[in-house]
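First up is the structure itself, then whatever we jot down about it.
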Amino acid sequence: MNKLGVHAAVFAGGWSPSDCDSTVRRARACGFDVVEIPVFEPDTLSPAATRQALERHGMEATCSVGLPFDADLASDDGAVSAAGERYLLAALDFAAAVGSTYLGGVIYGAFGKHSGPPTAAGRDNAAGALRRVARRALDHGITLGLETVNRYESNLLNTAAQTRAFIAEIGAANIAVHLDTYHMNIEEDDLARAVADSAGVLGYVHIGESHRGALGTGTVDFAAVFGALREIGYDGVMTFESFSSRVVSPGLSSTLAVWRDTWDDPDATAASARRFIASALAGGGA
Ligand code: FUD
């Protein structure tokens with residue numbers, strides 16, 4: 001049975017103690033089981049306030065992050081890659097402290113538009129660091145997810161096939177493919193085939209629309225995606241991810257190029273997304 005989640009950025013741009021209580025409460029009110037917490041600058045976040053909010057509202061958490069350029073795990077400069085590894089370990093500590101069993105996102109390199117292709121040395125640095133971080137994650141029962149994103153947000157992993165190959169290269173059992181329908185819609189030849197090719201290594205799915213707004217108002221072929229997920233028996237978390245200028249933080253807005261209001265009402269948008277996903281999962285058509 002899939003658990004359904006919602007990314008915190010639907011409700012709040014930050015993760016202060018009051019943001020976190022309100023976000024977790026509203027996510028619960030919309031019917032979700034899980035809230036995905038963005039762990040940017042992990043040392044500034046409060047695990048205690050997060051845990052209290054989760055307990056108070058009976059919710060589970062997953063965590064995600066994208067690495068900054070000065071902590072690019074896939075840099076060929078060893079010092080920059082090492083800064084990325086420290087950043088990831090801090091994010092992992094936060095995830096463990098709030099009881100999350102998942103840390104995903106662009107955790108394999110810098111999150112944003114690159115001006116050149118990845119280098120072989122940088123890729124090796126990222127693989128080595130992820131192998132070490134995965135060992136630490138295993139001690140906490142945490143799976144790491146490599147989110148396959150579009151070309152403007154990473155130069156390393158833009159397709160499910162690239163991600164699967166990179167995971168095989170790393171060789172850690174607790175590293176999974178993290179798919180996102182918004183990114184897939186930009187980069188994959190065939191949405192259903194990308195899902196099918198991820199069978200056995202798929203650990204997390206973001207359900208996002210082609211313009212990152214409300215589900216069902218864009219061009220993603222959700223019937224194909226949900227059909228393929230059913231076909232491979234995916235039973236992990238599915239999280240609604242959507243961004244509107246109305247809520248998103250200035251930092252994420254710039255990285256993701258979110259320049260307009262895709263919706264005005266977070267709660268109505270999230271509740272409608274929850275119904276959309278539940279109906280698609282029940283085979284009722286997306
Ligand atoms: C970025 C994206 C996100 C991001 C994560 C950070 O385009 O899809 O999943 O990595 O939200 O919290």
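In the structure tokens, chains take letters A, B, ... by order of appearance, with residues numbered from 1 within each chain and ligands from 1 in the order shown.
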>> Neighbouring residues of range 69-76 of chain A were defined as those with any atom within 10 Å, considering only C-alpha atoms; residues of the same chain fewer than 5 positions away were excluded. Please report them as a PyMOL selection string.
In response: chain A and resi 81-88+106-114+118-130+155-156
Enumerate residues in contact with ligand 1: an atom-to-atom distance of at most 10 Å, counting only C-alpha atoms and all ligand atoms. Format the result as a short mmCIF file (atom, residue, chain, number, x, y, z; two decimals) with N, CA and C atoms, in the first residue's frame.
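Output saved as result_23.cif:
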data_model
loop_
_atom_site.label_atom_id
_atom_site.label_comp_id
_atom_site.auth_asym_id
_atom_site.auth_seq_id
_atom_site.Cartn_x
_atom_site.Cartn_y
_atom_site.Cartn_z
N HIS A 7 5.09 17.60 -0.44
CA HIS A 7 6.31 18.37 -0.17
C HIS A 7 5.94 19.61 0.64
N ALA A 8 6.76 19.91 1.65
CA ALA A 8 6.46 21.04 2.55
C ALA A 8 6.35 22.36 1.80
N ALA A 9 7.03 22.49 0.66
CA ALA A 9 7.02 23.76 -0.07
C ALA A 9 5.64 24.11 -0.64
N GLU A 36 7.20 15.75 3.23
CA GLU A 36 8.60 15.75 2.79
C GLU A 36 9.23 17.07 3.20
N ILE A 37 10.29 16.96 4.00
CA ILE A 37 10.94 18.16 4.55
C ILE A 37 12.18 18.50 3.75
N PRO A 38 12.27 19.72 3.23
CA PRO A 38 13.51 20.13 2.55
C PRO A 38 14.56 20.48 3.61
N VAL A 39 15.71 19.84 3.54
CA VAL A 39 16.71 20.05 4.59
C VAL A 39 17.89 20.89 4.10
N PHE A 40 17.55 22.01 3.45
CA PHE A 40 18.60 22.95 3.05
C PHE A 40 19.17 23.56 4.32
N THR A 62 9.67 12.39 5.36
CA THR A 62 10.80 12.02 4.53
C THR A 62 11.62 13.31 4.37
N CYS A 63 12.86 13.19 3.93
CA CYS A 63 13.70 14.37 3.78
C CYS A 63 14.29 14.45 2.38
N SER A 64 14.46 15.67 1.89
CA SER A 64 15.11 15.84 0.59
C SER A 64 15.95 17.10 0.62
N VAL A 65 16.90 17.15 -0.30
CA VAL A 65 17.78 18.31 -0.37
C VAL A 65 18.46 18.36 -1.74
N GLY A 66 19.00 19.51 -2.08
CA GLY A 66 19.84 19.67 -3.26
C GLY A 66 21.10 20.37 -2.78
N LEU A 67 22.25 19.90 -3.25
CA LEU A 67 23.52 20.45 -2.74
C LEU A 67 23.87 21.78 -3.41
N LEU A 103 16.26 9.88 2.63
CA LEU A 103 16.88 11.17 2.28
C LEU A 103 17.16 11.14 0.78
N GLY A 104 16.44 11.99 0.04
CA GLY A 104 16.61 11.99 -1.42
C GLY A 104 16.83 13.38 -1.97
N GLY A 105 16.80 13.47 -3.29
CA GLY A 105 16.96 14.75 -3.97
C GLY A 105 18.23 14.76 -4.81
N VAL A 106 18.71 15.97 -5.08
CA VAL A 106 19.96 16.11 -5.84
C VAL A 106 21.09 16.06 -4.81
N ILE A 107 21.33 14.84 -4.34
CA ILE A 107 22.31 14.64 -3.25
C ILE A 107 23.64 14.12 -3.82
N PHE A 111 23.02 21.32 -7.25
CA PHE A 111 21.63 21.46 -7.68
C PHE A 111 21.49 22.83 -8.35
N GLY A 112 21.30 22.81 -9.68
CA GLY A 112 21.17 24.07 -10.40
C GLY A 112 21.73 23.91 -11.81
N LEU A 146 18.52 8.96 -5.29
CA LEU A 146 19.13 9.87 -6.26
C LEU A 146 18.02 10.36 -7.18
N GLU A 147 17.64 11.61 -7.03
CA GLU A 147 16.53 12.14 -7.82
C GLU A 147 17.03 12.52 -9.21
N THR A 148 16.36 11.94 -10.20
CA THR A 148 16.69 12.18 -11.60
C THR A 148 15.98 13.48 -12.00
N VAL A 149 16.76 14.51 -12.30
CA VAL A 149 16.15 15.81 -12.57
C VAL A 149 16.52 16.31 -13.97
N ASN A 150 15.84 17.36 -14.39
CA ASN A 150 16.08 17.86 -15.76
C ASN A 150 17.43 18.57 -15.88
N TYR A 152 18.48 21.43 -16.47
CA TYR A 152 18.75 22.75 -15.88
C TYR A 152 19.01 22.68 -14.38
N GLU A 153 18.90 21.49 -13.81
CA GLU A 153 19.07 21.35 -12.36
C GLU A 153 20.19 20.38 -11.98
N SER A 154 20.72 19.66 -12.97
CA SER A 154 21.89 18.80 -12.74
C SER A 154 22.51 18.48 -14.09
N HIS A 178 15.09 7.81 -7.53
CA HIS A 178 13.98 8.69 -7.14
C HIS A 178 13.50 9.34 -8.44
N LEU A 179 12.29 9.01 -8.83
CA LEU A 179 11.73 9.58 -10.07
C LEU A 179 10.78 10.73 -9.75
N ASP A 180 10.66 11.64 -10.69
CA ASP A 180 9.77 12.80 -10.55
C ASP A 180 9.12 13.03 -11.91
N THR A 181 7.80 12.98 -11.93
CA THR A 181 7.10 13.03 -13.24
C THR A 181 7.33 14.35 -13.97
N TYR A 182 7.54 15.44 -13.23
CA TYR A 182 7.84 16.74 -13.89
C TYR A 182 9.15 16.64 -14.68
N HIS A 183 10.18 16.11 -14.04
CA HIS A 183 11.48 16.00 -14.71
C HIS A 183 11.43 14.96 -15.82
N VAL A 205 8.88 8.37 -5.41
CA VAL A 205 8.32 9.02 -6.61
C VAL A 205 7.71 10.37 -6.24
N HIS A 206 8.11 11.39 -6.98
CA HIS A 206 7.46 12.70 -6.89
C HIS A 206 6.42 12.79 -7.98
N ILE A 207 5.22 13.16 -7.60
CA ILE A 207 4.16 13.36 -8.58
C ILE A 207 4.04 14.87 -8.78
N GLY A 208 4.49 15.32 -9.95
CA GLY A 208 4.46 16.76 -10.24
C GLY A 208 3.96 16.99 -11.65
N ARG A 212 4.63 22.38 -12.84
CA ARG A 212 4.82 22.30 -11.39
C ARG A 212 3.62 22.87 -10.61
N THR A 239 4.88 11.30 -3.47
CA THR A 239 4.75 12.63 -2.87
C THR A 239 4.36 13.67 -3.91
N PHE A 240 3.34 14.43 -3.58
CA PHE A 240 2.93 15.55 -4.44
C PHE A 240 3.94 16.68 -4.25
N GLU A 241 4.53 17.11 -5.38
CA GLU A 241 5.49 18.21 -5.31
C GLU A 241 5.03 19.30 -6.27
N SER A 242 4.92 20.50 -5.76
CA SER A 242 4.41 21.60 -6.57
C SER A 242 4.95 22.90 -6.00
N PHE A 243 5.19 23.86 -6.87
CA PHE A 243 5.75 25.13 -6.42
C PHE A 243 4.96 26.28 -7.03
N LEU A 252 14.88 28.61 -3.54
CA LEU A 252 14.34 27.55 -4.41
C LEU A 252 13.72 28.15 -5.66
N THR A 255 16.55 28.66 -8.08
CA THR A 255 17.12 27.42 -8.59
C THR A 255 16.15 26.72 -9.55
N LEU A 256 14.87 26.75 -9.21
CA LEU A 256 13.87 26.00 -10.00
C LEU A 256 13.23 26.85 -11.09
N ALA A 257 13.56 28.15 -11.13
CA ALA A 257 12.94 29.06 -12.09
C ALA A 257 11.41 29.08 -11.93
#
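Interatomic distance, CA of Trp263 in chain A against CA of Ser245 in chain A: 8.5 Å.
For the atom pair formed by CA of Gly283 in chain A and CA of Leu4 in chain A, the distance is 15.6 Å, given to one decimal.
Across A:Glu188, A:Ser254, A:Ala161, A:Ala270, the tightest approach to Val35 in chain A is made by A:Ala270 when counting only C-alpha atoms.
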